[in-house]
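Asker: I have a structure I would like to understand better, so I am pasting it below and will then ask my questions one at a time.
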Amino acid sequence: MQGGGLRFLQVKASRCREAVVARMARRALKLVSLAAASSGFYLYSSKYLDPNDFGAVRVGRAIATTAVITYDYLTSLQSVPYGSQEYAYLKSQVHLRSAERLRDLCCANRGTFIKVGQHLGALDYLLPEEYTRTLKILHSQAPQSSMQEIEQVIREDLGKEIKELFVSFEDTPLGAASLAQVHKAVLQDGRTVAVKVQHPKVQAQSAKDILLMEILLLTVKQIFPDFEFMWLVDEAKKNLPLELDFLNEGRNAEKVAHMLKDFDFLKVPRIYWELSTRRVLLMEFVEGGQVNDRAYMERNSIDVNEISRNLGKLYSEMIFVNGFIHCDPHPGNVLVRKCPATGKAHIILLDHGLYQVLTEKFRLDYCRLWQSLIKTDMKRVQKYSRRLGAGDLYPLFACMLTARSWDSVNRGIDRSPVTANEDVEIRTNAAAYLPQINQLLNNVPRQMLLLLKTNDLLRGIESALHTRASASSFLNMSRCCIRAISTYQRSKSHSLYRKAKISLSEALSLWQINLYELFLRLKGSQLGNWVIAFLIRMHHSPY
């Protein structure tokens, strides 16, 4: 009798749970439907109306995908014990299905959706691996505009036909991205150029796409209160108008070329302003292999370690010294080549539409935080993490910045290489701490978001080149942090004695870093090994 009563209660409890889940699922679909109605009413009763490129199919596709993903998360895990192996497996499967649906939505709706999907795919150590792995292919699967559409944009913006402007114009693009595609062409005067042409419908669709995403994300947040992805919409609102203005991209290219003119290994293609507009950008044509292509470098006798070292120098200079950062360093935007004239390896930096400008306060706090991480000064790590908005989540923040485990951060990120087990631990924690990560991303200054994306893209390149967490990268960062802070301190000092003291301290610190780097190089060389062996023998000699 007791056993029967217990079974009755278990069945009743199970049915209650199913009823609750069903109500939640109905609520999800009801809210999504409400979002569809409200967004449709808003779009059709305001300036956003343009049924030619924002029809019911486009909106409906986004709403349907959101509803299916929401329903999957609500129902697939409800009958499995939380924390069990089965729960972890099923959650991974839900992540994968949802990522594939999101990828398909981005490919279908194109434009802004692909741009946002690419951003998510770059957040390797902030999102579950199922999402980043699946969304990464959006970098290579961006849609192409037809030649008729390309001709139309050039005609509208430059006032001439392609055959009037160019001796030759290749129909097949060199590459296609979410917002534009690039064609190789030859001008009437014989110059070979790269012609970047914006997809014709992107300008009209971008504001509406962002509005739709905002409504859907707010709807999902009503169902999952821990879902905090509004930072993604805020970033898209701020950055997309800048990326869609190719004149802004040209100005960024010239600014960064001037800013880093002392780096003879850097090549930024020249801009031809006379044939450039907000939707068409003409640049010097420069060839090269992608920065993550080890096979290309080996075929062309390019030193992989030198490329990795120089890329680290570039970005350390941009971030810590200048506070003006190229924020889209995926492999398609960073090429390498061997200069035919000098034989030196060049890094070619492309696509200058997305830059982050750091305030002085943020840049200096960020410098001091990285100095503290490299020196394993945990009190200062906590102090400067809090100053950058991390609050009590500073350990998670340190792990996100370095892509290292908390144990590695405490031991010293420059003291041990990244292991496969540590990578698995980081990715597992990214999934487990997703609510806290989202909370952190909503709390930190907006400047930090593109820096985190840039860090992850650079780490992806280093992983492909097998140079991740190398000592040289931390040494370059240390040099730039010292220079940046010393420059700031001199600018605030009115005493010649004080300025001289700051400069002396800076020179001594840089000398110590150079000496340590020389020691590491000797240690890794055959000559260094002979010297060390000789000194050991002398030390143990009875004489």
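Following the order of the structure tokens, chains are lettered A, B, ..., residues in each are numbered from 1, and ligands are numbered from 1.
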Just list the residues in region 62-214 of chain A DSSP gives strand (DSSP E or B) on the backbone, as a PyMOL selection string.

Answerer: chain A and resi 166-169+175-176+180-187+192-198

Asker: What residues in region 127-341 of chain A get the DSSP label helix (DSSP H, G or I)? Please answer as a ChimeraX atom specification.

Answerer: /A:129-139,147-158,162-165,202-223,230-243,246-259,273-275,294-299,304-322,331-333

Asker: Within 9 Å of region 194-208 of chain A, counting only C-alpha atoms, which residues show up once you throw out same-chain ones fewer than 6 positions away? Write them as JSON, numbers by chain, please.

Answerer: {"A": [43, 48, 49, 50, 53, 54, 110, 111, 112, 113, 144, 145, 149, 150, 152, 153, 154, 174, 178, 179, 180, 181, 182, 183, 184, 185, 186, 237, 240, 241, 244, 246, 278, 279, 280, 281, 282, 283, 284, 285, 286]}

Asker: Just give me the gap between CA of Arg133 (chain A) and CA of Gly121 (chain A) in Å, one decimal is fine.

Answerer: 6.8 Å

Asker: When you look at region 230-235 of chain A with a cut-off of 8 Å (counting only C-alpha atoms), what residues show up, excluding the ones that are within fewer than 4 positions of it in the same chain? I need them as a list in words.

Answerer: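 What passes the distance filter is Val116, Ile210, Met213, Glu214, Leu217, Leu218, Asn239, Leu441, Asn442 and Arg446 of chain A.
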
Asker: Can you write just those residues out, N, CA and C atoms, as a PDB file, in the first residue's frame?

Answerer:
ATOM      1  N   VAL A 116      26.816  39.612 -36.653  1.00  0.00           N
ATOM      2  CA  VAL A 116      26.635  39.291 -35.237  1.00  0.00           C
ATOM      3  C   VAL A 116      27.039  37.836 -34.966  1.00  0.00           C
ATOM      4  N   ILE A 210      18.777  45.059 -36.388  1.00  0.00           N
ATOM      5  CA  ILE A 210      19.154  45.284 -34.995  1.00  0.00           C
ATOM      6  C   ILE A 210      17.911  45.451 -34.134  1.00  0.00           C
ATOM      7  N   MET A 213      16.451  41.999 -33.591  1.00  0.00           N
ATOM      8  CA  MET A 213      17.255  41.254 -32.613  1.00  0.00           C
ATOM      9  C   MET A 213      16.982  41.748 -31.197  1.00  0.00           C
ATOM     10  N   GLU A 214      16.876  43.045 -31.034  1.00  0.00           N
ATOM     11  CA  GLU A 214      16.636  43.612 -29.700  1.00  0.00           C
ATOM     12  C   GLU A 214      15.311  43.122 -29.137  1.00  0.00           C
ATOM     13  N   LEU A 217      15.638  39.317 -28.270  1.00  0.00           N
ATOM     14  CA  LEU A 217      16.466  39.082 -27.085  1.00  0.00           C
ATOM     15  C   LEU A 217      15.749  39.508 -25.809  1.00  0.00           C
ATOM     16  N   LEU A 218      15.016  40.608 -25.865  1.00  0.00           N
ATOM     17  CA  LEU A 218      14.239  41.033 -24.699  1.00  0.00           C
ATOM     18  C   LEU A 218      13.158  40.013 -24.373  1.00  0.00           C
ATOM     19  N   ASN A 239      28.554  50.007 -33.528  1.00  0.00           N
ATOM     20  CA  ASN A 239      29.644  49.738 -34.468  1.00  0.00           C
ATOM     21  C   ASN A 239      29.209  49.599 -35.924  1.00  0.00           C
ATOM     22  N   LEU A 441      29.887  40.757 -18.689  1.00  0.00           N
ATOM     23  CA  LEU A 441      29.912  41.492 -19.953  1.00  0.00           C
ATOM     24  C   LEU A 441      28.961  42.678 -19.944  1.00  0.00           C
ATOM     25  N   ASN A 442      27.914  42.595 -19.143  1.00  0.00           N
ATOM     26  CA  ASN A 442      26.997  43.726 -19.016  1.00  0.00           C
ATOM     27  C   ASN A 442      27.530  44.796 -18.075  1.00  0.00           C
ATOM     28  N   ARG A 446      32.022  49.407 -22.089  1.00  0.00           N
ATOM     29  CA  ARG A 446      31.801  48.935 -23.458  1.00  0.00           C
ATOM     30  C   ARG A 446      33.118  48.736 -24.217  1.00  0.00           C
TER      31      ARG A 446
END

Asker: Skipping near chain neighbours, those fewer than 2 positions away, what residues fall within 12 Å of Arg387 (chain A) using only C-alpha atoms, listed as a list of chain:residue names?

Answerer: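 Once the adjacent positions are removed, what remains is A:Lys361, A:Phe362, A:Arg363, A:Leu364, A:Asp365, A:Tyr366, A:Arg368, A:Leu369, A:Arg380, A:Val381, A:Gln382, A:Lys383, A:Tyr384, A:Ser385, A:Gly389, A:Ala390, A:Gly391, A:Asp392, A:Leu393, A:Tyr394, A:Phe397, A:Asn443, A:Val444, A:Pro445.
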
Asker: Identify, on the basis of only C-alpha atoms, every residue whose closest approach to Arg404 (chain A) does not exceed 7 Å; exclude the query and any residue fewer than 5 positions from it along the same chain; express the result as a compact mmCIF listing (two decimals) with N, CA and C atoms, in the first residue's frame.

Answerer:
# COMPACT_ATOMS: atom_id res chain seq x y z
N CYS A 399 40.45 35.15 -15.74
CA CYS A 399 40.46 33.95 -16.59
C CYS A 399 40.01 34.26 -18.01
N VAL A 409 46.58 31.31 -13.43
CA VAL A 409 46.71 32.74 -13.15
C VAL A 409 47.45 32.94 -11.83
N ILE A 426 38.79 25.21 -19.36
CA ILE A 426 38.32 26.57 -19.62
C ILE A 426 37.00 26.54 -20.39

Asker: Could you please determine the separation between CA of Gln118 (chain A) and CA of Ile137 (chain A) in Å, to one decimal place?

Answerer: 8.3 Å

Asker: Taking only C-alpha atoms into account, name the residue in A:Met259, A:Leu212, A:Ala500, A:Ile437 that is nearest to Leu314 (chain A).

Answerer: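 Closest to Leu314 (chain A) of all the choices is A:Met259.
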
Asker: Need the shell around Thr65 (chain A): protein/DNA/RNA residues with any atom at most 9 Å away, counting only C-alpha atoms. Skip same-chain ones fewer than 6 positions apart. Format as a PyMOL selection string?

Answerer: chain A and resi 98+101-102+105

Asker: Could you please take those selected residues and save N, CA and C atoms as a CSV table (one decimal), in the first residue's frame?

Answerer:
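part-v6.csv, written as the output of this step:
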chain,number,residue,atom,x,y,z
A,98,SER,N,21.0,24.2,-31.3
A,98,SER,CA,20.7,25.6,-31.2
A,98,SER,C,21.7,26.4,-32.1
A,101,ARG,N,21.0,25.9,-35.7
A,101,ARG,CA,19.8,26.7,-36.1
A,101,ARG,C,20.1,28.2,-36.3
A,102,LEU,N,20.9,28.7,-35.3
A,102,LEU,CA,21.4,30.1,-35.4
A,102,LEU,C,22.2,30.3,-36.6
A,105,LEU,N,20.0,30.5,-39.6
A,105,LEU,CA,19.3,31.8,-39.6
A,105,LEU,C,20.2,32.9,-40.2

Asker: In Å to one decimal, how far is CA of Asn438 (chain A) from CA of Arg61 (chain A)?

Answerer: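 Between CA of Arg61 (chain A) and CA of Asn438 (chain A) the gap is 25.7 Å.
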
Asker: Please tabulate, as a tab-separated table, the residues of region 242-340 of chain A that come within 9 Å of region 461-479 of chain A, each with its closest pair of atoms and the distance in Å to one decimal, counting only C-alpha atoms and ordering rows by chain, then residue number upward.

Answerer:
residue	atom	partner	partner_atom	distance
A:Val291	CA	A:Ile461	CA	7.1
A:Asn292	CA	A:Ile461	CA	5.5
A:Asp293	CA	A:Ala464	CA	7.8
A:Arg294	CA	A:Leu465	CA	6.4
A:Val304	CA	A:Leu465	CA	6.7
A:Asn305	CA	A:Thr467	CA	6.9
A:Ser308	CA	A:Glu462	CA	6.8
A:Arg309	CA	A:Ser473	CA	6.4
A:Gly312	CA	A:Ser473	CA	5.7
A:Lys313	CA	A:Asn476	CA	5.9
A:Tyr315	CA	A:Met477	CA	8.9
A:Ser316	CA	A:Met477	CA	5.5
A:Glu317	CA	A:Met477	CA	8.2
A:Phe320	CA	A:Met477	CA	7.9
A:Pro329	CA	A:Ile461	CA	8.9
A:His330	CA	A:Ile461	CA	7.8
A:Pro331	CA	A:Ile461	CA	7.1
